[in-house]
Structure formats: structure tokens, C-alpha cells
Amino acid sequence: MVEFALSEEQEMLRELAHEFARDIVRPNAEHWDDKSEFPTEAIAEAHALGLTNLHIPAEYGGMGMGILDEVLVSEEFSWGDPGFGTAAYSNGLTVGPVITGGTEEQKAEYLGRLVKEPLIASYCVTEPGAGSDVASIQTTAVRDGDHYILNGQKMWITGAGQADWFFVLAYTDKSAGYKGMSSFIVESSWDGVSLGKKETNMGQRASDTRAVIFEDVHVPVENLIGGVEGAGWFNAMKAFDLSRPNVAAQAVGCSRAAYEYALQYADERQTFGKKLHEHQAIQFMLADMKTKIEAGRLLTWRTSWEVDNGIRNTESAAHAKRFTADSCMEITTDAVQVFGGYGYSEEYPVARLMRAAKVLQIYEGSSQVQRMIIGREMLRDL
Ligand SMILES: Cc1cc2nc3c(=O)[nH]c(=O)nc-3n(C[C@H](O)[C@H](O)[C@H](O)COP(=O)(O)OP(=O)(O)OC[C@H]3O[C@@H](n4cnc5c(N)ncnc54)[C@H](O)[C@@H]3O)c2cc1C
């Protein structure tokens, strides 16, 4: 039997997130994007309402909810503003490797901090010369007594300018290839940690994206995640199985907002003596948007349900992330088309949504990388 209904608690959570997105996020979206302003206060309010850190286990003070619960909230946040959705989700990606691979002490300290206060943690994997090809990273951590000496530069790090601590992937043994990678928790206040300027991105400007530089940073051995060298690649990649459903939900939320604006405009605007949506070409465009949103949400819920039930979801997460991100780009572009010349103006929200959509096809594994994952899974059993 297949069950599509949400529980009463999930409906309430979704309603709370929707009201928050409607009343707090959406009214500020244009301002944050225009001024490139990080939504500090709104994130603090979301934290106070219990809408962040949802999948941090209850024993570390978190909400102890599932990924499906979390994606319900993410869809609403990104419906309000995709930039807010990304900014508020930085912790969701970063806590993944700590939850799955961290020691009890690491979980208690670093997950606990995020629960107690509305702090940000950032995930540092990408480098200037290594994005899709993660194994090409150059950052190294060399053991020196009870410390590691960390050197390297990370690039495009979400939330970096606000972060209390970073998840950092580095080589401890380059000769061992990806099995020589280890991961660390590095506090932003430590000597040798510095930040680049906030990037001027095409969209989602509420989010703070920067380079992070590590110069002879002394990282205590206790901050080697899981206490073992060589587990970094696994830690970093496993996090994506938890986080890609979330990015997919962000894409569905952004798509839904664009569709709703387009539908409303098509009801208000008349051409050739008819409402826009009475022209079949426009009605079909709106119908295709809706089908893609419905299909994307089902893929997103399915992969989330798999994680929550302990089923390996690497392939289903890639399907969901790839489909929803590409659909979001198509839907937001079509929404601009429905608005005609007005859609091209920043006076109307669809231009901002179209700019916001692009990065969903790039970060957390580009649409090409998702296809590579699907291809690998597809061919595995041949
Ligand atoms: C706003 C923003 C926020 C980000 N946040 C974070 C973060 O918090 N933490 C973090 O670690 N990283 C982050 N990233 C980095 C992001 O994950 C990378 O940009 C992404 O993985 C792509 O890497 P790249 O930019 O180096 O592109 P490249 O890897 O150089 O790829 C360039 C293009 O070629 C394609 N391509 C590459 N290899 C292949 C192949 N084998 N076959 C087919 N096509 C291929 C890619 O899909 C892409 O279209 C962020 C990026 C942005 C823009």
C-alpha cells in the first residue's frame, strides 16, 4: 500500500513554516537580495520557532525529526525566498557528516552549539581548482603531536561569513587517493582562519558565499571527525544523501512561487480581448509547470522517505535533485515569459526567482554530476 498523506504533526509543521515564510521571509526577500544582506534576524526567529536543525537527534538537543519533515519546511522557506532557503539550510548540510561520522564528544559540543543558539556552520569542500572533481582538492592536514596543521583554500562556501565552525575536507595522506582524505571540525575564531569577501552572486544574495583560507591552523586531534584518518571522503559524500533531498525541496518551493505568480498574472493580464490563461499556449505552459512541480515533489518525498527508513537513497536523491533543479530553471524562465516585458524587470519577483534558480543546477553536485551518479548506479549491476 502506498501512502501519500502527511501525518497531523507534519501538516502542522508545514503550516507553521508556510506562515513564517509568508509573514517574515517573503516581505523581506527583495530587500535581502537587493542589498545582499544576510537574514540574521529571520534565521534567529526560525530557530526560536523550532524550524531549523530539524534532523539533529534529540539526544544532542535537536528536534530529532526526519528528512521528510525537514523538506516540508525547506519547500516553504524557498517559496518565501530561495536565498533565505539556502542561508537557513547551511547547517543542514554541515551537520550531516558530524551526525553520521562524529564522535559522541564532537556531536555533543558542535551539534549542541547550533541547537542552543542560532549559529551557522558551513561545509568546506570545494576549492578554487576542485569542484565537481572533489578528489583534486589540495588542502592538507599534517599530524604534529596532538594537533594537525591545516593548510589550504576553500571556495564558494555557503554561510562562511557567519559561521561559528566549519566542516573541512583535507588530505592526510595524498598517496592513498580518496581513501587518504580526512575531515575536521574547525572553529572560525582559530588563528590562521580567514575569509574572502562576500561574492557578488547572480542570485540568492541573502546567502553569504565566500572563500575560506586556512594557514597553518592548529586543529586539535579531537576535532578529526570520528577520530579516524581516511574517513573524510565517506563523511563528505554521505552528507549529500541527506542534503540533496533538501535542495530538491528548495527547487520545488522556488518553482511553486514562480508558478503561482505566473498563474495570478495570467488571470489579470488581457491580450487580444482575453485573459492570458485563456490562450491555450499560455495555459499549456502553466500546466507543464504544475506537472513538473508535482513530479518533483513526489521524487523529493520518495528519496526523503528512503533516508528516514534506512534505505540507501544515493540514486533517488540524484534523480530528485537533478529533476527539480532543471525543472526550476525551466519553470522560472517560463514564468518570466508569461509576464512578458514586465517579467524582465526587477520590479516583479519572477526575475529574482529566475536568477535564484540557476545555482540549484550547480551546487551540491551539478546537474551533470547527478547524471554521472545515476549513470554509475544504473551500470553497477550490469
Ligand atoms: C552559490 C554557491 C554556493 C556554494 N556553496 C558551497 C558550499 O557551501 N560548500 C562547498 O563545498 N561548495 C559550495 N559550492 C561549490 C559548488 O558545489 C561547486 O561550484 C560545484 O560543485 C561545481 O564545481 P565547480 O564550480 O568547480 O565547477 P567544475 O567542476 O569546474 O565544472 C564546470 C562545469 O562542467 C561540468 N562538469 C564537470 N565535470 C564534468 C564531467 N565529468 N562531465 C560532464 N560535465 C562536467 C559541471 O557540471 C559544470 O557545469 C557553492 C557554489 C555556489 C555557486
# chains A, B, ... in the order shown; residues from 1 in each chain; ligands from 1

call {"tool": "residues_near_ligand", "arguments": {"ligand": "ligand 1", "cutoff": "9 Å", "atoms": "only C-alpha atoms and all ligand atoms", "output": "PyMOL selection string"}}
result
chain A and resi 86+90+93-94+122-134+154-160+168-169+199+201-205+207-210+358-372

call {"tool": "select_by_dssp", "arguments": {"residues": "region 210-381 of chain A", "states": "alpha helix (DSSP H)", "output": "ChimeraX atom specification"}}
result
/A:232-268,280-308,314-339,349-358,367-379

call {"tool": "residues_around", "arguments": {"residues": "His147 (chain A)", "least_positions_apart": "6", "cutoff": "8 Å", "atoms": "only C-alpha atoms", "output": "ChimeraX atom specification"}}
result
/A:218-221

call {"tool": "residues_around", "arguments": {"residues": "region 290-297 of chain A", "least_positions_apart": "2", "cutoff": "6 Å", "atoms": "only C-alpha atoms", "output": "list in words"}}
result
Val252, Ala287, Asp288, Leu299, Thr300 and Thr324 of chain A

call {"tool": "select_by_dssp", "arguments": {"residues": "region 261-299 of chain A", "states": "strand (DSSP E)", "output": "compact mmCIF listing (two decimals) with N, CA and C atoms, in the first residue's frame"}}
result
# COMPACT_ATOMS: atom_id res chain seq x y z
N GLN A 270 -4.73 40.90 -19.87
CA GLN A 270 -5.51 40.53 -21.05
C GLN A 270 -4.74 40.87 -22.31
N THR A 271 -4.82 39.99 -23.33
CA THR A 271 -4.31 40.32 -24.66
C THR A 271 -5.34 39.81 -25.67
N LYS A 274 -8.73 38.65 -24.34
CA LYS A 274 -8.91 37.50 -23.43
C LYS A 274 -7.88 37.56 -22.31
N LYS A 275 -8.22 36.88 -21.19
CA LYS A 275 -7.19 36.72 -20.16
C LYS A 275 -6.06 35.87 -20.76

call {"tool": "atom_distance", "arguments": {"atom1": "CA of Gln264 (chain A)", "atom2": "CA of Ala325 (chain A)"}}
result
23.0 Å

call {"tool": "residues_around", "arguments": {"residues": "Asp33 (chain A)", "least_positions_apart": "4", "cutoff": "12 Å", "atoms": "only C-alpha atoms", "output": "ChimeraX atom specification"}}
result
/A:25-29,37-39,81-84,87,200-208,346,349,351-353,355-356

call {"tool": "closest_residue", "arguments": {"among": "A:Gly145, A:Gly343, A:Gly253, A:Gly232", "to": "Glu76 (chain A)", "atoms": "only C-alpha atoms"}}
result
A:Gly253

call {"tool": "residues_around", "arguments": {"residues": "Arg14 (chain A)", "least_positions_apart": "5", "cutoff": "9 Å", "atoms": "only C-alpha atoms", "output": "PDB file with N, CA and C atoms, in the first residue's frame"}}
result
ATOM      1  N   GLU A   9       1.075  15.916  12.592  1.00  0.00           N
ATOM      2  CA  GLU A   9       2.224  16.723  13.045  1.00  0.00           C
ATOM      3  C   GLU A   9       2.933  17.357  11.840  1.00  0.00           C
ATOM      4  N   GLU A  19       3.428  29.856   7.218  1.00  0.00           N
ATOM      5  CA  GLU A  19       3.071  31.161   7.815  1.00  0.00           C
ATOM      6  C   GLU A  19       4.325  32.003   8.031  1.00  0.00           C
ATOM      7  N   ASP A  69      10.401  15.544   7.193  1.00  0.00           N
ATOM      8  CA  ASP A  69       9.922  16.722   7.940  1.00  0.00           C
ATOM      9  C   ASP A  69      10.688  17.970   7.494  1.00  0.00           C
ATOM     10  N   LEU A  72       9.729  19.454   4.110  1.00  0.00           N
ATOM     11  CA  LEU A  72       8.459  20.199   4.128  1.00  0.00           C
ATOM     12  C   LEU A  72       8.730  21.659   4.484  1.00  0.00           C
ATOM     13  N   VAL A  73       9.622  21.855   5.449  1.00  0.00           N
ATOM     14  CA  VAL A  73       9.971  23.212   5.883  1.00  0.00           C
ATOM     15  C   VAL A  73      10.777  23.921   4.784  1.00  0.00           C
ATOM     16  N   GLU A  75      10.783  23.508   1.555  1.00  0.00           N
ATOM     17  CA  GLU A  75       9.968  23.945   0.404  1.00  0.00           C
ATOM     18  C   GLU A  75       9.308  25.287   0.720  1.00  0.00           C
ATOM     19  N   GLU A  76       8.794  25.415   1.946  1.00  0.00           N
ATOM     20  CA  GLU A  76       8.116  26.673   2.313  1.00  0.00           C
ATOM     21  C   GLU A  76       9.113  27.830   2.391  1.00  0.00           C
TER      22      GLU A  76
END

call {"tool": "residues_around", "arguments": {"residues": "Val217 (chain A)", "least_positions_apart": "2", "cutoff": "6 Å", "atoms": "only C-alpha atoms", "output": "PyMOL selection string"}}
result
chain A and resi 149-150+192+214-215

call {"tool": "write_last_selection", "arguments": {"atoms": "C-alpha atoms", "output": "CSV table (one decimal), in the first residue's frame"}}
result
chain,number,residue,atom,x,y,z
A,149,ILE,CA,48.4,21.6,10.8
A,150,LEU,CA,45.8,22.6,8.2
A,192,GLY,CA,45.1,31.1,10.7
A,214,PHE,CA,43.4,28.0,6.3
A,215,GLU,CA,47.0,29.0,7.0

call {"tool": "closest_residue", "arguments": {"among": "A:Ser327, A:Ser183, A:Thr314, A:Asn151", "to": "Trp233 (chain A)", "atoms": "only C-alpha atoms"}}
result
A:Ser183

call {"tool": "closest_residue", "arguments": {"among": "A:Ala44, A:Ala88, A:Val95, A:Cys254", "to": "Tyr60 (chain A)", "atoms": "only C-alpha atoms"}}
result
A:Val95

call {"tool": "atom_distance", "arguments": {"atom1": "CA of Leu68 (chain A)", "atom2": "CA of Thr103 (chain A)"}}
result
25.2 Å

call {"tool": "closest_residue", "arguments": {"among": "A:Ala42, A:Leu379, A:Ala236, A:Met289", "to": "Ala335 (chain A)", "atoms": "only C-alpha atoms"}}
result
A:Met289

call {"tool": "closest_residue", "arguments": {"among": "A:Val338, A:Ile373, A:Ile120, A:Leu6", "to": "Asp241 (chain A)", "atoms": "only C-alpha atoms"}}
result
A:Ile373

call {"tool": "closest_residue", "arguments": {"among": "A:Ser189, A:Ser7, A:Ser182, A:Ser243", "to": "Leu224 (chain A)", "atoms": "only C-alpha atoms"}}
result
A:Ser182

call {"tool": "atom_distance", "arguments": {"atom1": "CA of Glu222 (chain A)", "atom2": "CA of Gly196 (chain A)"}}
result
27.2 Å

call {"tool": "decode", "arguments": {"residues": "region 203-242 of chain A", "atoms": "N, CA and C atoms", "output": "mmCIF file, in the first residue's frame"}}
result
data_model
loop_
_atom_site.group_PDB
_atom_site.id
_atom_site.type_symbol
_atom_site.label_atom_id
_atom_site.label_comp_id
_atom_site.auth_asym_id
_atom_site.auth_seq_id
_atom_site.Cartn_x
_atom_site.Cartn_y
_atom_site.Cartn_z
ATOM 1 N N GLY A 203 22.266 35.377 -8.087
ATOM 2 C CA GLY A 203 21.003 35.336 -7.358
ATOM 3 C C GLY A 203 21.217 34.841 -5.942
ATOM 4 N N GLN A 204 20.090 34.635 -5.242
ATOM 5 C CA GLN A 204 20.125 34.150 -3.853
ATOM 6 C C GLN A 204 21.101 34.969 -3.016
ATOM 7 N N ARG A 205 20.987 36.293 -3.130
ATOM 8 C CA ARG A 205 22.002 37.146 -2.489
ATOM 9 C C ARG A 205 21.821 37.299 -0.987
ATOM 10 N N ALA A 206 20.730 36.752 -0.449
ATOM 11 C CA ALA A 206 20.602 36.727 1.012
ATOM 12 C C ALA A 206 21.658 35.789 1.589
ATOM 13 N N SER A 207 22.032 34.800 0.798
ATOM 14 C CA SER A 207 23.029 33.836 1.275
ATOM 15 C C SER A 207 24.422 34.441 1.158
ATOM 16 N N ASP A 208 25.286 34.060 2.083
ATOM 17 C CA ASP A 208 26.638 34.621 2.177
ATOM 18 C C ASP A 208 27.636 33.573 1.665
ATOM 19 N N THR A 209 28.229 33.823 0.496
ATOM 20 C CA THR A 209 29.147 32.855 -0.114
ATOM 21 C C THR A 209 30.548 33.454 -0.155
ATOM 22 N N ARG A 210 31.531 32.726 0.360
ATOM 23 C CA ARG A 210 32.902 33.270 0.421
ATOM 24 C C ARG A 210 33.946 32.184 0.298
ATOM 25 N N ALA A 211 35.185 32.635 0.054
ATOM 26 C CA ALA A 211 36.349 31.756 0.193
ATOM 27 C C ALA A 211 36.700 31.676 1.679
ATOM 28 N N VAL A 212 37.263 30.539 2.085
ATOM 29 C CA VAL A 212 37.781 30.392 3.458
ATOM 30 C C VAL A 212 39.225 29.909 3.331
ATOM 31 N N ILE A 213 40.127 30.617 4.008
ATOM 32 C CA ILE A 213 41.554 30.305 3.873
ATOM 33 C C ILE A 213 42.075 29.751 5.200
ATOM 34 N N PHE A 214 42.822 28.646 5.113
ATOM 35 C CA PHE A 214 43.421 28.028 6.303
ATOM 36 C C PHE A 214 44.943 28.089 6.159
ATOM 37 N N GLU A 215 45.586 28.826 7.065
ATOM 38 C CA GLU A 215 47.044 28.971 7.004
ATOM 39 C C GLU A 215 47.646 28.495 8.321
ATOM 40 N N ASP A 216 48.289 27.343 8.274
ATOM 41 C CA ASP A 216 48.914 26.767 9.469
ATOM 42 C C ASP A 216 47.954 26.765 10.666
ATOM 43 N N VAL A 217 46.744 26.341 10.424
ATOM 44 C CA VAL A 217 45.762 26.287 11.518
ATOM 45 C C VAL A 217 46.031 25.046 12.365
ATOM 46 N N HIS A 218 46.151 25.231 13.669
ATOM 47 C CA HIS A 218 46.385 24.104 14.582
ATOM 48 C C HIS A 218 45.027 23.508 14.968
ATOM 49 N N VAL A 219 44.734 22.331 14.417
ATOM 50 C CA VAL A 219 43.452 21.673 14.712
ATOM 51 C C VAL A 219 43.716 20.535 15.699
ATOM 52 N N PRO A 220 43.126 20.587 16.899
ATOM 53 C CA PRO A 220 43.372 19.510 17.873
ATOM 54 C C PRO A 220 42.938 18.153 17.310
ATOM 55 N N VAL A 221 43.647 17.084 17.660
ATOM 56 C CA VAL A 221 43.286 15.744 17.144
ATOM 57 C C VAL A 221 41.845 15.382 17.513
ATOM 58 N N GLU A 222 41.347 15.938 18.615
ATOM 59 C CA GLU A 222 39.951 15.639 18.999
ATOM 60 C C GLU A 222 38.959 16.121 17.938
ATOM 61 N N ASN A 223 39.413 17.024 17.029
ATOM 62 C CA ASN A 223 38.491 17.553 16.018
ATOM 63 C C ASN A 223 38.585 16.825 14.679
ATOM 64 N N LEU A 224 39.357 15.733 14.657
ATOM 65 C CA LEU A 224 39.333 14.845 13.491
ATOM 66 C C LEU A 224 38.007 14.085 13.571
ATOM 67 N N ILE A 225 37.145 14.244 12.565
ATOM 68 C CA ILE A 225 35.788 13.681 12.671
ATOM 69 C C ILE A 225 35.835 12.155 12.749
ATOM 70 N N GLY A 226 35.185 11.650 13.785
ATOM 71 C CA GLY A 226 35.144 10.207 14.020
ATOM 72 C C GLY A 226 36.419 9.660 14.642
ATOM 73 N N GLY A 227 37.433 10.536 14.775
ATOM 74 C CA GLY A 227 38.690 10.098 15.393
ATOM 75 C C GLY A 227 39.523 9.185 14.505
ATOM 76 N N VAL A 228 39.144 9.064 13.233
ATOM 77 C CA VAL A 228 39.933 8.193 12.332
ATOM 78 C C VAL A 228 40.325 8.925 11.059
ATOM 79 N N GLU A 229 41.564 8.734 10.659
ATOM 80 C CA GLU A 229 42.009 9.259 9.369
ATOM 81 C C GLU A 229 41.440 8.378 8.258
ATOM 82 N N GLY A 230 41.238 8.974 7.090
ATOM 83 C CA GLY A 230 40.835 8.195 5.913
ATOM 84 C C GLY A 230 39.334 8.078 5.704
ATOM 85 N N ALA A 231 38.542 8.626 6.647
ATOM 86 C CA ALA A 231 37.082 8.506 6.517
ATOM 87 C C ALA A 231 36.443 9.769 5.929
ATOM 88 N N GLY A 232 37.282 10.741 5.526
ATOM 89 C CA GLY A 232 36.761 12.048 5.117
ATOM 90 C C GLY A 232 35.882 11.990 3.884
ATOM 91 N N TRP A 233 36.336 11.249 2.864
ATOM 92 C CA TRP A 233 35.563 11.159 1.615
ATOM 93 C C TRP A 233 34.169 10.606 1.909
ATOM 94 N N PHE A 234 34.143 9.526 2.668
ATOM 95 C CA PHE A 234 32.866 8.895 3.002
ATOM 96 C C PHE A 234 31.975 9.883 3.769
ATOM 97 N N ASN A 235 32.569 10.557 4.755
ATOM 98 C CA ASN A 235 31.797 11.535 5.543
ATOM 99 C C ASN A 235 31.204 12.625 4.656
ATOM 100 N N ALA A 236 32.060 13.157 3.762
ATOM 101 C CA ALA A 236 31.624 14.285 2.931
ATOM 102 C C ALA A 236 30.538 13.857 1.949
ATOM 103 N N MET A 237 30.688 12.680 1.352
ATOM 104 C CA MET A 237 29.734 12.232 0.327
ATOM 105 C C MET A 237 28.411 11.764 0.940
ATOM 106 N N LYS A 238 28.514 11.121 2.093
ATOM 107 C CA LYS A 238 27.310 10.626 2.768
ATOM 108 C C LYS A 238 26.361 11.786 3.106
ATOM 109 N N ALA A 239 26.973 12.933 3.398
ATOM 110 C CA ALA A 239 26.161 14.108 3.749
ATOM 111 C C ALA A 239 25.210 14.471 2.619
ATOM 112 N N PHE A 240 25.623 14.211 1.377
ATOM 113 C CA PHE A 240 24.779 14.592 0.237
ATOM 114 C C PHE A 240 23.502 13.757 0.151
ATOM 115 N N ASP A 241 23.568 12.514 0.634
ATOM 116 C CA ASP A 241 22.338 11.702 0.610
ATOM 117 C C ASP A 241 21.281 12.319 1.521
ATOM 118 N N LEU A 242 21.750 12.996 2.574
ATOM 119 C CA LEU A 242 20.816 13.662 3.499
ATOM 120 C C LEU A 242 20.411 15.041 2.987
#
